[in-house]
Every structure is written in C-alpha cells, then in structure tokens.
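**Q** Sending over data-v2.txt (compact mmCIF, N, CA and C atoms).
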# COMPACT_ATOMS: atom_id res chain seq x y z
N MET A 1 41.66 0.35 -12.05
CA MET A 1 42.41 -0.36 -13.06
C MET A 1 42.48 0.52 -14.30
N GLU A 2 43.62 0.51 -14.95
CA GLU A 2 43.84 1.30 -16.15
C GLU A 2 43.11 0.70 -17.35
N ALA A 3 42.81 1.56 -18.32
CA ALA A 3 42.22 1.08 -19.56
C ALA A 3 43.25 0.26 -20.32
N SER A 4 42.81 -0.78 -20.98
CA SER A 4 43.71 -1.63 -21.74
C SER A 4 43.71 -1.21 -23.19
N THR A 5 44.90 -1.12 -23.78
CA THR A 5 45.01 -0.80 -25.20
C THR A 5 45.64 -1.96 -25.97
N SER A 6 45.94 -3.06 -25.29
CA SER A 6 46.57 -4.20 -25.94
C SER A 6 45.71 -5.44 -25.69
N PRO A 7 46.03 -6.54 -26.40
CA PRO A 7 45.29 -7.78 -26.13
C PRO A 7 45.35 -8.11 -24.65
N PHE A 8 44.32 -8.76 -24.18
CA PHE A 8 44.19 -8.97 -22.75
C PHE A 8 43.66 -10.36 -22.48
N ARG A 9 44.16 -10.99 -21.43
CA ARG A 9 43.66 -12.28 -20.99
C ARG A 9 43.46 -12.23 -19.49
N ALA A 10 42.33 -12.72 -19.03
CA ALA A 10 42.05 -12.78 -17.59
C ALA A 10 41.67 -14.20 -17.25
N THR A 11 42.09 -14.64 -16.08
CA THR A 11 41.67 -15.95 -15.59
C THR A 11 40.79 -15.77 -14.36
N VAL A 12 39.93 -16.73 -14.14
CA VAL A 12 39.08 -16.72 -12.95
C VAL A 12 39.96 -16.73 -11.71
N GLU A 13 41.00 -17.54 -11.72
CA GLU A 13 41.87 -17.66 -10.55
C GLU A 13 42.52 -16.33 -10.20
N ASP A 14 43.03 -15.60 -11.20
CA ASP A 14 43.65 -14.30 -10.94
C ASP A 14 42.63 -13.32 -10.40
N ALA A 15 41.46 -13.25 -11.04
CA ALA A 15 40.42 -12.32 -10.58
C ALA A 15 39.96 -12.69 -9.17
N ALA A 16 39.80 -13.97 -8.89
CA ALA A 16 39.34 -14.41 -7.57
C ALA A 16 40.36 -14.06 -6.49
N SER A 17 41.63 -14.05 -6.83
CA SER A 17 42.65 -13.70 -5.84
C SER A 17 42.57 -12.23 -5.42
N ARG A 18 41.85 -11.42 -6.22
CA ARG A 18 41.69 -9.99 -5.90
C ARG A 18 40.37 -9.67 -5.21
N LEU A 19 39.53 -10.69 -4.99
CA LEU A 19 38.26 -10.46 -4.29
C LEU A 19 38.51 -10.13 -2.82
N PRO A 20 37.68 -9.26 -2.23
CA PRO A 20 37.79 -9.04 -0.78
C PRO A 20 37.48 -10.34 -0.04
N HIS A 21 38.05 -10.48 1.13
CA HIS A 21 37.76 -11.64 1.97
C HIS A 21 36.27 -11.65 2.31
N PRO A 22 35.63 -12.81 2.35
CA PRO A 22 34.19 -12.86 2.64
C PRO A 22 33.77 -12.16 3.93
N ASP A 23 34.67 -12.08 4.91
CA ASP A 23 34.33 -11.40 6.17
C ASP A 23 34.34 -9.88 6.02
N GLU A 24 34.94 -9.37 4.95
CA GLU A 24 35.09 -7.93 4.77
C GLU A 24 33.93 -7.29 4.02
N ALA A 25 33.26 -8.06 3.16
CA ALA A 25 32.18 -7.47 2.36
C ALA A 25 31.29 -8.55 1.79
N SER A 26 29.98 -8.30 1.77
CA SER A 26 29.08 -9.24 1.11
C SER A 26 29.00 -8.94 -0.38
N LEU A 27 29.24 -7.69 -0.78
CA LEU A 27 29.25 -7.31 -2.19
C LEU A 27 30.68 -7.47 -2.68
N ARG A 28 31.04 -8.70 -3.06
CA ARG A 28 32.41 -9.03 -3.41
C ARG A 28 32.59 -9.05 -4.92
N PHE A 29 33.40 -8.11 -5.43
CA PHE A 29 33.73 -8.10 -6.84
C PHE A 29 35.15 -7.60 -7.02
N ALA A 30 35.75 -7.99 -8.14
CA ALA A 30 37.08 -7.53 -8.50
C ALA A 30 37.03 -7.04 -9.93
N THR A 31 37.49 -5.82 -10.17
CA THR A 31 37.56 -5.29 -11.52
C THR A 31 38.69 -5.97 -12.27
N VAL A 32 38.39 -6.42 -13.48
CA VAL A 32 39.35 -7.15 -14.29
C VAL A 32 39.81 -6.33 -15.49
N LEU A 33 38.89 -5.62 -16.14
CA LEU A 33 39.21 -4.86 -17.35
C LEU A 33 38.28 -3.66 -17.44
N LYS A 34 38.87 -2.53 -17.81
CA LYS A 34 38.09 -1.32 -18.03
C LYS A 34 38.62 -0.66 -19.30
N ARG A 35 37.74 -0.47 -20.28
CA ARG A 35 38.14 0.17 -21.54
C ARG A 35 36.90 0.82 -22.14
N GLY A 36 36.92 2.14 -22.27
CA GLY A 36 35.76 2.86 -22.79
C GLY A 36 34.54 2.55 -21.95
N SER A 37 33.46 2.13 -22.59
CA SER A 37 32.23 1.82 -21.84
C SER A 37 32.23 0.37 -21.33
N LEU A 38 33.28 -0.39 -21.64
CA LEU A 38 33.35 -1.79 -21.22
C LEU A 38 33.98 -1.91 -19.83
N LEU A 39 33.30 -2.61 -18.94
CA LEU A 39 33.82 -2.89 -17.61
C LEU A 39 33.55 -4.37 -17.33
N VAL A 40 34.60 -5.12 -16.99
CA VAL A 40 34.47 -6.54 -16.69
C VAL A 40 34.92 -6.76 -15.26
N GLU A 41 34.10 -7.48 -14.50
CA GLU A 41 34.39 -7.78 -13.10
C GLU A 41 34.12 -9.26 -12.85
N LEU A 42 34.71 -9.78 -11.78
CA LEU A 42 34.32 -11.08 -11.26
C LEU A 42 33.49 -10.80 -10.02
N TYR A 43 32.31 -11.40 -9.94
CA TYR A 43 31.38 -11.18 -8.83
C TYR A 43 31.20 -12.48 -8.07
N ALA A 44 31.35 -12.43 -6.75
CA ALA A 44 31.23 -13.63 -5.92
C ALA A 44 30.65 -13.26 -4.56
N PRO A 45 29.35 -12.94 -4.51
CA PRO A 45 28.74 -12.57 -3.23
C PRO A 45 28.69 -13.77 -2.28
N ARG A 46 28.53 -13.49 -1.01
CA ARG A 46 28.39 -14.55 -0.02
C ARG A 46 27.12 -14.31 0.80
N ASN A 47 26.35 -15.35 1.00
CA ASN A 47 25.13 -15.36 1.81
C ASN A 47 23.95 -14.64 1.18
N HIS A 48 24.11 -13.42 0.70
CA HIS A 48 23.03 -12.72 0.02
C HIS A 48 23.62 -11.77 -1.02
N ASP A 49 22.78 -11.35 -1.95
CA ASP A 49 23.19 -10.45 -3.02
C ASP A 49 22.54 -9.09 -2.80
N PRO A 50 23.29 -8.09 -2.36
CA PRO A 50 22.71 -6.79 -2.03
C PRO A 50 22.63 -5.81 -3.20
N GLN A 51 22.71 -6.29 -4.43
CA GLN A 51 22.72 -5.39 -5.58
C GLN A 51 21.47 -4.53 -5.69
N THR A 52 21.64 -3.38 -6.29
CA THR A 52 20.54 -2.51 -6.69
C THR A 52 20.67 -2.31 -8.20
N PRO A 53 19.64 -1.81 -8.88
CA PRO A 53 19.72 -1.63 -10.33
C PRO A 53 20.92 -0.76 -10.73
N HIS A 54 21.48 -1.07 -11.90
CA HIS A 54 22.62 -0.34 -12.43
C HIS A 54 22.16 0.58 -13.56
N ASP A 55 22.99 1.58 -13.87
CA ASP A 55 22.60 2.55 -14.89
C ASP A 55 23.06 2.17 -16.30
N ARG A 56 23.67 0.98 -16.44
CA ARG A 56 24.08 0.50 -17.76
C ARG A 56 23.64 -0.95 -17.94
N ASP A 57 23.56 -1.39 -19.19
CA ASP A 57 23.26 -2.78 -19.47
C ASP A 57 24.37 -3.66 -18.90
N GLU A 58 24.00 -4.87 -18.50
CA GLU A 58 25.02 -5.79 -18.01
C GLU A 58 24.67 -7.22 -18.36
N ALA A 59 25.71 -8.02 -18.50
CA ALA A 59 25.55 -9.45 -18.75
C ALA A 59 26.39 -10.19 -17.72
N TYR A 60 25.89 -11.32 -17.29
CA TYR A 60 26.61 -12.20 -16.38
C TYR A 60 26.89 -13.50 -17.12
N VAL A 61 28.09 -14.05 -16.92
CA VAL A 61 28.41 -15.39 -17.39
C VAL A 61 28.80 -16.17 -16.14
N VAL A 62 27.98 -17.16 -15.79
CA VAL A 62 28.19 -17.92 -14.56
C VAL A 62 29.40 -18.84 -14.74
N VAL A 63 30.36 -18.69 -13.83
CA VAL A 63 31.57 -19.51 -13.84
C VAL A 63 31.35 -20.78 -13.03
N SER A 64 30.82 -20.61 -11.82
CA SER A 64 30.59 -21.76 -10.94
C SER A 64 29.41 -21.46 -10.03
N GLY A 65 28.84 -22.52 -9.48
CA GLY A 65 27.72 -22.38 -8.57
C GLY A 65 26.39 -22.42 -9.28
N SER A 66 25.34 -22.40 -8.48
CA SER A 66 23.98 -22.44 -9.01
C SER A 66 23.05 -21.74 -8.03
N GLY A 67 21.84 -21.47 -8.48
CA GLY A 67 20.85 -20.81 -7.64
C GLY A 67 19.71 -20.31 -8.49
N LYS A 68 19.11 -19.22 -8.05
CA LYS A 68 18.02 -18.59 -8.79
C LYS A 68 18.40 -17.15 -9.08
N PHE A 69 18.00 -16.67 -10.26
CA PHE A 69 18.28 -15.31 -10.68
C PHE A 69 16.98 -14.57 -10.86
N VAL A 70 16.81 -13.47 -10.13
CA VAL A 70 15.64 -12.61 -10.24
C VAL A 70 15.99 -11.49 -11.21
N ASN A 71 15.17 -11.34 -12.25
CA ASN A 71 15.39 -10.31 -13.28
C ASN A 71 14.04 -9.66 -13.55
N GLY A 72 13.82 -8.49 -12.91
CA GLY A 72 12.50 -7.88 -12.98
C GLY A 72 11.51 -8.77 -12.27
N GLY A 73 10.42 -9.13 -12.94
CA GLY A 73 9.41 -10.00 -12.35
C GLY A 73 9.65 -11.47 -12.59
N ASP A 74 10.74 -11.82 -13.26
CA ASP A 74 11.03 -13.22 -13.57
C ASP A 74 12.06 -13.81 -12.62
N ARG A 75 11.98 -15.10 -12.41
CA ARG A 75 12.95 -15.84 -11.58
C ARG A 75 13.33 -17.09 -12.36
N HIS A 76 14.65 -17.28 -12.55
CA HIS A 76 15.15 -18.39 -13.34
C HIS A 76 16.24 -19.15 -12.58
N PRO A 77 16.29 -20.48 -12.72
CA PRO A 77 17.44 -21.20 -12.19
C PRO A 77 18.66 -20.88 -13.05
N PHE A 78 19.85 -20.94 -12.45
CA PHE A 78 21.08 -20.72 -13.22
C PHE A 78 22.14 -21.71 -12.77
N GLY A 79 23.12 -21.91 -13.64
CA GLY A 79 24.24 -22.79 -13.34
C GLY A 79 25.43 -22.44 -14.21
N PRO A 80 26.55 -23.14 -14.03
CA PRO A 80 27.77 -22.86 -14.77
C PRO A 80 27.55 -22.83 -16.28
N GLY A 81 28.12 -21.81 -16.92
CA GLY A 81 28.01 -21.65 -18.36
C GLY A 81 26.83 -20.80 -18.80
N ASP A 82 25.88 -20.53 -17.92
CA ASP A 82 24.73 -19.71 -18.29
C ASP A 82 25.14 -18.25 -18.47
N MET A 83 24.48 -17.59 -19.42
CA MET A 83 24.65 -16.16 -19.64
C MET A 83 23.32 -15.49 -19.34
N LEU A 84 23.35 -14.44 -18.52
CA LEU A 84 22.15 -13.74 -18.09
C LEU A 84 22.30 -12.27 -18.46
N PHE A 85 21.26 -11.67 -19.03
CA PHE A 85 21.31 -10.26 -19.43
C PHE A 85 20.32 -9.45 -18.60
N VAL A 86 20.77 -8.24 -18.20
CA VAL A 86 19.93 -7.32 -17.44
C VAL A 86 19.99 -5.94 -18.10
N PRO A 87 18.86 -5.42 -18.56
CA PRO A 87 18.88 -4.07 -19.12
C PRO A 87 19.09 -3.02 -18.02
N ALA A 88 19.63 -1.89 -18.41
CA ALA A 88 19.87 -0.80 -17.45
C ALA A 88 18.60 -0.48 -16.68
N GLY A 89 18.75 -0.27 -15.36
CA GLY A 89 17.63 0.13 -14.51
C GLY A 89 16.77 -1.01 -13.99
N GLN A 90 17.00 -2.23 -14.46
CA GLN A 90 16.16 -3.38 -14.08
C GLN A 90 16.57 -3.90 -12.69
N THR A 91 15.57 -4.16 -11.84
CA THR A 91 15.82 -4.80 -10.56
C THR A 91 16.27 -6.23 -10.82
N HIS A 92 17.35 -6.65 -10.15
CA HIS A 92 17.86 -8.01 -10.33
C HIS A 92 18.70 -8.40 -9.13
N ARG A 93 18.82 -9.72 -8.93
CA ARG A 93 19.66 -10.24 -7.84
C ARG A 93 19.73 -11.76 -7.97
N PHE A 94 20.75 -12.30 -7.31
CA PHE A 94 20.90 -13.75 -7.21
C PHE A 94 20.35 -14.18 -5.86
N GLU A 95 19.63 -15.31 -5.85
CA GLU A 95 19.04 -15.84 -4.62
C GLU A 95 19.36 -17.32 -4.50
N ASP A 96 19.36 -17.81 -3.26
CA ASP A 96 19.52 -19.24 -2.98
C ASP A 96 20.72 -19.82 -3.73
N PHE A 97 21.81 -19.07 -3.80
CA PHE A 97 22.98 -19.52 -4.55
C PHE A 97 23.95 -20.29 -3.65
N THR A 98 24.71 -21.17 -4.28
CA THR A 98 25.67 -22.00 -3.56
C THR A 98 26.90 -21.17 -3.17
N ASP A 99 27.65 -21.69 -2.19
CA ASP A 99 28.82 -20.98 -1.67
C ASP A 99 29.92 -20.78 -2.71
N ASP A 100 29.93 -21.60 -3.75
CA ASP A 100 30.98 -21.47 -4.77
C ASP A 100 30.57 -20.58 -5.95
N PHE A 101 29.46 -19.85 -5.82
CA PHE A 101 28.98 -19.01 -6.92
C PHE A 101 29.98 -17.92 -7.29
N GLN A 102 30.31 -17.87 -8.59
CA GLN A 102 31.12 -16.80 -9.17
C GLN A 102 30.60 -16.53 -10.58
N ALA A 103 30.62 -15.28 -10.99
CA ALA A 103 30.19 -14.94 -12.35
C ALA A 103 31.02 -13.77 -12.87
N TRP A 104 31.34 -13.84 -14.18
CA TRP A 104 31.88 -12.67 -14.84
C TRP A 104 30.73 -11.69 -15.01
N VAL A 105 30.98 -10.42 -14.78
CA VAL A 105 29.99 -9.37 -14.99
C VAL A 105 30.54 -8.45 -16.07
N ILE A 106 29.74 -8.18 -17.09
CA ILE A 106 30.17 -7.34 -18.20
C ILE A 106 29.20 -6.18 -18.32
N PHE A 107 29.68 -4.99 -17.99
CA PHE A 107 28.90 -3.76 -18.18
C PHE A 107 29.32 -3.16 -19.51
N CYS A 108 28.35 -2.64 -20.26
CA CYS A 108 28.69 -2.01 -21.54
C CYS A 108 27.63 -0.99 -21.92
N GLY A 109 28.03 -0.15 -22.86
CA GLY A 109 27.10 0.82 -23.41
C GLY A 109 26.94 2.07 -22.57
N PRO A 110 26.07 2.95 -23.03
CA PRO A 110 25.87 4.24 -22.36
C PRO A 110 25.00 4.12 -21.12
N GLN A 111 25.07 5.14 -20.27
CA GLN A 111 24.14 5.20 -19.14
C GLN A 111 22.73 5.20 -19.71
N GLY A 112 21.85 4.47 -19.05
CA GLY A 112 20.48 4.33 -19.53
C GLY A 112 20.30 3.13 -20.43
N GLY A 113 21.42 2.53 -20.87
CA GLY A 113 21.35 1.31 -21.69
C GLY A 113 21.23 1.58 -23.17
N GLU A 114 21.43 0.53 -23.92
CA GLU A 114 21.31 0.58 -25.38
C GLU A 114 19.83 0.63 -25.77
N GLN A 115 19.54 1.09 -26.95
CA GLN A 115 18.17 1.05 -27.46
C GLN A 115 17.82 -0.39 -27.79
N ALA A 116 16.64 -0.82 -27.44
CA ALA A 116 16.21 -2.18 -27.75
C ALA A 116 16.06 -2.35 -29.25
N ASP A 117 16.54 -3.46 -29.76
CA ASP A 117 16.40 -3.80 -31.18
C ASP A 117 15.48 -5.00 -31.27
N ASP A 118 14.21 -4.74 -31.57
CA ASP A 118 13.21 -5.81 -31.56
C ASP A 118 13.07 -6.52 -32.90
N SER A 119 14.03 -6.29 -33.80
CA SER A 119 13.91 -6.93 -35.13
C SER A 119 14.37 -8.35 -35.13
Could you write out this file's structure as structure tokens?
**A**
Amino acid sequence: MEASTSPFRATVEDAASRLPHPDEASLRFATVLKRGSLLVELYAPRNHDPQTPHDRDEAYVVVSGSGKFVNGGDRHPFGPGDMLFVPAGQTHRFEDFTDDFQAWVIFCGPQGGEQADDS
C-alpha cells in the first residue's frame, strides 16, 4: 500500500474485505495505512495466533470478539473497545479468542521501540 499524504478514513468493513480467506492463512491481516513509521492493519486470526515478537512498538484496538491476551508474563482478558500496548521485542499473543475477533494493529516508531518515559 502506498504512503498516504492526504486525510484518510478506513472502515472495519473495507479492511475486513481485504483479509485472506480463513482457509488460506491463520495469520490474517490486511494493511490499511502506511506512512513513515506508522503502519495500520486489521488483524483477524482464526483458531490460534501464531505471532512472534515484533521489532517495533505496537498497539491493538479490539474491534470485536473477546479472549485472553498474553503480554510478556501477563495474561489479561480483552473485549471490544480495549486498547492493548506491546513494546518492541515483547512476546505476545491472543488466546482463547472468539471466532469474531478483529483488532486494529498500529505499529509506530523506530526499530527497537521508543524510549520508555517513566515520568
């Protein structure tokens, strides 16, 4: 997808129409926007989440579905409207999620992640 230089609007329905068929891939995502270090995707895995750690910070905004989110050594329930953050390099995955699970994924910042601001 080309970088966007103008205002942009994405809908879940449009992004979902670009997802691979569930029989074709378990790692189902569709790129929605790419600009500089910003990458936005719709993620909708089926049956299991085969993710491995990423080299940039990422945030998820749950659109639909529920389950458990593993983030490092922590495990949290999640549902629609929740926002989940994963620092670069952190082990993470979705578990025990419902068939309708979809989330916006937002990658940003440099490889290795942003510096933590503990203030």
**Q** Can you pull out every residue within 5 Å of Gly65 in chain A, counting only N, CA and C atoms, but drop anything in the same chain fewer than 2 positions away, and send it as a PDB file with N, CA and C atoms, in the frame of the given file?
**A**
ATOM      1  N   VAL A  63      30.360 -18.690 -13.830  1.00  0.00           N
ATOM      2  CA  VAL A  63      31.570 -19.510 -13.840  1.00  0.00           C
ATOM      3  C   VAL A  63      31.350 -20.780 -13.030  1.00  0.00           C
ATOM      4  N   GLY A  67      21.840 -21.470  -8.480  1.00  0.00           N
ATOM      5  CA  GLY A  67      20.850 -20.810  -7.640  1.00  0.00           C
ATOM      6  C   GLY A  67      19.710 -20.310  -8.490  1.00  0.00           C
ATOM      7  N   GLY A  79      23.120 -21.910 -13.640  1.00  0.00           N
ATOM      8  CA  GLY A  79      24.240 -22.790 -13.340  1.00  0.00           C
ATOM      9  C   GLY A  79      25.430 -22.440 -14.210  1.00  0.00           C
ATOM     10  N   PRO A  80      26.550 -23.140 -14.030  1.00  0.00           N
ATOM     11  CA  PRO A  80      27.770 -22.860 -14.770  1.00  0.00           C
ATOM     12  C   PRO A  80      27.550 -22.830 -16.280  1.00  0.00           C
ATOM     13  N   ASP A 100      29.930 -21.600  -3.750  1.00  0.00           N
ATOM     14  CA  ASP A 100      30.980 -21.470  -4.770  1.00  0.00           C
ATOM     15  C   ASP A 100      30.570 -20.580  -5.950  1.00  0.00           C
ATOM     16  N   PHE A 101      29.460 -19.850  -5.820  1.00  0.00           N
ATOM     17  CA  PHE A 101      28.980 -19.010  -6.920  1.00  0.00           C
ATOM     18  C   PHE A 101      29.980 -17.920  -7.290  1.00  0.00           C
ATOM     19  N   GLN A 102      30.310 -17.870  -8.590  1.00  0.00           N
ATOM     20  CA  GLN A 102      31.120 -16.800  -9.170  1.00  0.00           C
ATOM     21  C   GLN A 102      30.600 -16.530 -10.580  1.00  0.00           C
TER      22      GLN A 102
END
**Q** Looking only at alpha helix (DSSP H) from DSSP on the backbone, list the matching residues of chain A as a PyMOL selection string.
**A** chain A and resi 12-17
**Q** Would you give me, as a list in words, the residues in range 50-91 of chain A that DSSP reads as strand (DSSP E or B)?
**A**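 Answer for range 50-91 of chain A, restricted to strand (DSSP E or B): Asp57, Glu58, Ala59, Tyr60, Val61, Val62, Val63, Ser64, Gly67, Lys68, Phe69, Val70, Asn71, Asp74, Arg75, His76, Pro77, Phe78, Met83, Leu84, Phe85 and Val86 of chain A.
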**Q** Which residue is closest to Leu42 in chain A? Choose from A:Ala116, A:Val70, A:Ala103, A:Ala88 and count only C-alpha atoms.
**A**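 The shortest atom-to-atom distance to Leu42 in chain A comes from A:Ala103.
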**Q** Which residue gives the smallest distance to Val105 in chain A among A:Lys68, A:Lys34, A:His76, A:His48, with only C-alpha atoms counted?
**A**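 For Val105 in chain A, the nearest of the candidates is A:Lys34.
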**Q** Please report the interatomic distance between CA of Pro50 in chain A and CA of Arg93 in chain A in Å with one decimal.
**A**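 Distance between the two atoms: 7.4 Å.
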**Q** So the first atom is CA of Gln90 in chain A and the second is CA of Arg75 in chain A; what is the distance between them in Å, to one decimal place?
**A**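 Atom-to-atom, CA of Gln90 in chain A to CA of Arg75 in chain A, that is 13.1 Å.
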**Q** Using only C-alpha atoms, which residues sit within 12 Å of Leu39 in chain A once same-chain residues fewer than 3 positions away are excluded, as a PDB file with N, CA and C atoms, in the frame of the given file?
**A**
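Wrote out-v2.pdb, looks like this:
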ATOM      1  N   MET A   1      41.660   0.350 -12.050  1.00  0.00           N
ATOM      2  CA  MET A   1      42.410  -0.360 -13.060  1.00  0.00           C
ATOM      3  C   MET A   1      42.480   0.520 -14.300  1.00  0.00           C
ATOM      4  N   GLU A   2      43.620   0.510 -14.950  1.00  0.00           N
ATOM      5  CA  GLU A   2      43.840   1.300 -16.150  1.00  0.00           C
ATOM      6  C   GLU A   2      43.110   0.700 -17.350  1.00  0.00           C
ATOM      7  N   ALA A   3      42.810   1.560 -18.320  1.00  0.00           N
ATOM      8  CA  ALA A   3      42.220   1.080 -19.560  1.00  0.00           C
ATOM      9  C   ALA A   3      43.250   0.260 -20.320  1.00  0.00           C
ATOM     10  N   SER A   4      42.810  -0.780 -20.980  1.00  0.00           N
ATOM     11  CA  SER A   4      43.710  -1.630 -21.740  1.00  0.00           C
ATOM     12  C   SER A   4      43.710  -1.210 -23.190  1.00  0.00           C
ATOM     13  N   PHE A  29      33.400  -8.110  -5.430  1.00  0.00           N
ATOM     14  CA  PHE A  29      33.730  -8.100  -6.840  1.00  0.00           C
ATOM     15  C   PHE A  29      35.150  -7.600  -7.020  1.00  0.00           C
ATOM     16  N   ALA A  30      35.750  -7.990  -8.140  1.00  0.00           N
ATOM     17  CA  ALA A  30      37.080  -7.530  -8.500  1.00  0.00           C
ATOM     18  C   ALA A  30      37.030  -7.040  -9.930  1.00  0.00           C
ATOM     19  N   THR A  31      37.490  -5.820 -10.170  1.00  0.00           N
ATOM     20  CA  THR A  31      37.560  -5.290 -11.520  1.00  0.00           C
ATOM     21  C   THR A  31      38.690  -5.970 -12.270  1.00  0.00           C
ATOM     22  N   VAL A  32      38.390  -6.420 -13.480  1.00  0.00           N
ATOM     23  CA  VAL A  32      39.350  -7.150 -14.290  1.00  0.00           C
ATOM     24  C   VAL A  32      39.810  -6.330 -15.490  1.00  0.00           C
ATOM     25  N   LEU A  33      38.890  -5.620 -16.140  1.00  0.00           N
ATOM     26  CA  LEU A  33      39.210  -4.860 -17.350  1.00  0.00           C
ATOM     27  C   LEU A  33      38.280  -3.660 -17.440  1.00  0.00           C
ATOM     28  N   LYS A  34      38.870  -2.530 -17.810  1.00  0.00           N
ATOM     29  CA  LYS A  34      38.090  -1.320 -18.030  1.00  0.00           C
ATOM     30  C   LYS A  34      38.620  -0.660 -19.300  1.00  0.00           C
ATOM     31  N   ARG A  35      37.740  -0.470 -20.280  1.00  0.00           N
ATOM     32  CA  ARG A  35      38.140   0.170 -21.540  1.00  0.00           C
ATOM     33  C   ARG A  35      36.900   0.820 -22.140  1.00  0.00           C
ATOM     34  N   GLY A  36      36.920   2.140 -22.270  1.00  0.00           N
ATOM     35  CA  GLY A  36      35.760   2.860 -22.790  1.00  0.00           C
ATOM     36  C   GLY A  36      34.540   2.550 -21.950  1.00  0.00           C
ATOM     37  N   LEU A  42      34.710  -9.780 -11.780  1.00  0.00           N
ATOM     38  CA  LEU A  42      34.320 -11.080 -11.260  1.00  0.00           C
ATOM     39  C   LEU A  42      33.490 -10.800 -10.020  1.00  0.00           C
ATOM     40  N   ARG A  56      23.670   0.980 -16.440  1.00  0.00           N
ATOM     41  CA  ARG A  56      24.080   0.500 -17.760  1.00  0.00           C
ATOM     42  C   ARG A  56      23.640  -0.950 -17.940  1.00  0.00           C
ATOM     43  N   ASP A  57      23.560  -1.390 -19.190  1.00  0.00           N
ATOM     44  CA  ASP A  57      23.260  -2.780 -19.470  1.00  0.00           C
ATOM     45  C   ASP A  57      24.370  -3.660 -18.900  1.00  0.00           C
ATOM     46  N   GLU A  58      24.000  -4.870 -18.500  1.00  0.00           N
ATOM     47  CA  GLU A  58      25.020  -5.790 -18.010  1.00  0.00           C
ATOM     48  C   GLU A  58      24.670  -7.220 -18.360  1.00  0.00           C
ATOM     49  N   ALA A  59      25.710  -8.020 -18.500  1.00  0.00           N
ATOM     50  CA  ALA A  59      25.550  -9.450 -18.750  1.00  0.00           C
ATOM     51  C   ALA A  59      26.390 -10.190 -17.720  1.00  0.00           C
ATOM     52  N   TYR A  60      25.890 -11.320 -17.290  1.00  0.00           N
ATOM     53  CA  TYR A  60      26.610 -12.200 -16.380  1.00  0.00           C
ATOM     54  C   TYR A  60      26.890 -13.500 -17.120  1.00  0.00           C
ATOM     55  N   TRP A 104      31.340 -13.840 -14.180  1.00  0.00           N
ATOM     56  CA  TRP A 104      31.880 -12.670 -14.840  1.00  0.00           C
ATOM     57  C   TRP A 104      30.730 -11.690 -15.010  1.00  0.00           C
ATOM     58  N   VAL A 105      30.980 -10.420 -14.780  1.00  0.00           N
ATOM     59  CA  VAL A 105      29.990  -9.370 -14.990  1.00  0.00           C
ATOM     60  C   VAL A 105      30.540  -8.450 -16.070  1.00  0.00           C
ATOM     61  N   ILE A 106      29.740  -8.180 -17.090  1.00  0.00           N
ATOM     62  CA  ILE A 106      30.170  -7.340 -18.200  1.00  0.00           C
ATOM     63  C   ILE A 106      29.200  -6.180 -18.320  1.00  0.00           C
ATOM     64  N   PHE A 107      29.680  -4.990 -17.990  1.00  0.00           N
ATOM     65  CA  PHE A 107      28.900  -3.760 -18.180  1.00  0.00           C
ATOM     66  C   PHE A 107      29.320  -3.160 -19.510  1.00  0.00           C
ATOM     67  N   CYS A 108      28.350  -2.640 -20.260  1.00  0.00           N
ATOM     68  CA  CYS A 108      28.690  -2.010 -21.540  1.00  0.00           C
ATOM     69  C   CYS A 108      27.630  -0.990 -21.920  1.00  0.00           C
ATOM     70  N   GLY A 109      28.030  -0.150 -22.860  1.00  0.00           N
ATOM     71  CA  GLY A 109      27.100   0.820 -23.410  1.00  0.00           C
ATOM     72  C   GLY A 109      26.940   2.070 -22.570  1.00  0.00           C
ATOM     73  N   PRO A 110      26.070   2.950 -23.030  1.00  0.00           N
ATOM     74  CA  PRO A 110      25.870   4.240 -22.360  1.00  0.00           C
ATOM     75  C   PRO A 110      25.000   4.120 -21.120  1.00  0.00           C
TER      76      PRO A 110
END
**Q** Restricting the calculation to all atoms listed in the file: of A:Ser37, A:Gln115, A:Asn71, A:Asn47, which residue gets closest to Phe85 in chain A?
**A**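 Using all atoms listed in the file, the shortest distance to Phe85 in chain A belongs to A:Asn71.
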**Q** Which value, in Å to one decimal, gives the distance between CA of Pro87 in chain A and CA of Gly113 in chain A?
**A**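 Spanning CA of Pro87 in chain A to CA of Gly113 in chain A is a straight-line distance of 6.5 Å.
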**Q** Compile the contact shell of Gly89 in chain A as number ranges by chain: residues with an atom at most 10 Å away, counting only C-alpha atoms, same-chain residues fewer than 4 positions apart removed.
**A** A: 52-57, 72, 111-113
**Q** Set the distance at 6 Å and use all atoms listed in the file: which residues neighbour Arg28 in chain A once local chain neighbours fewer than 3 positions away are removed? I'd like the list as a list in words.
**A**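 So, after excluding close chain neighbours, the residues are Leu19, Pro20, Ala25, Leu42, Tyr43, Ala44, Pro45 and Arg46 of chain A.
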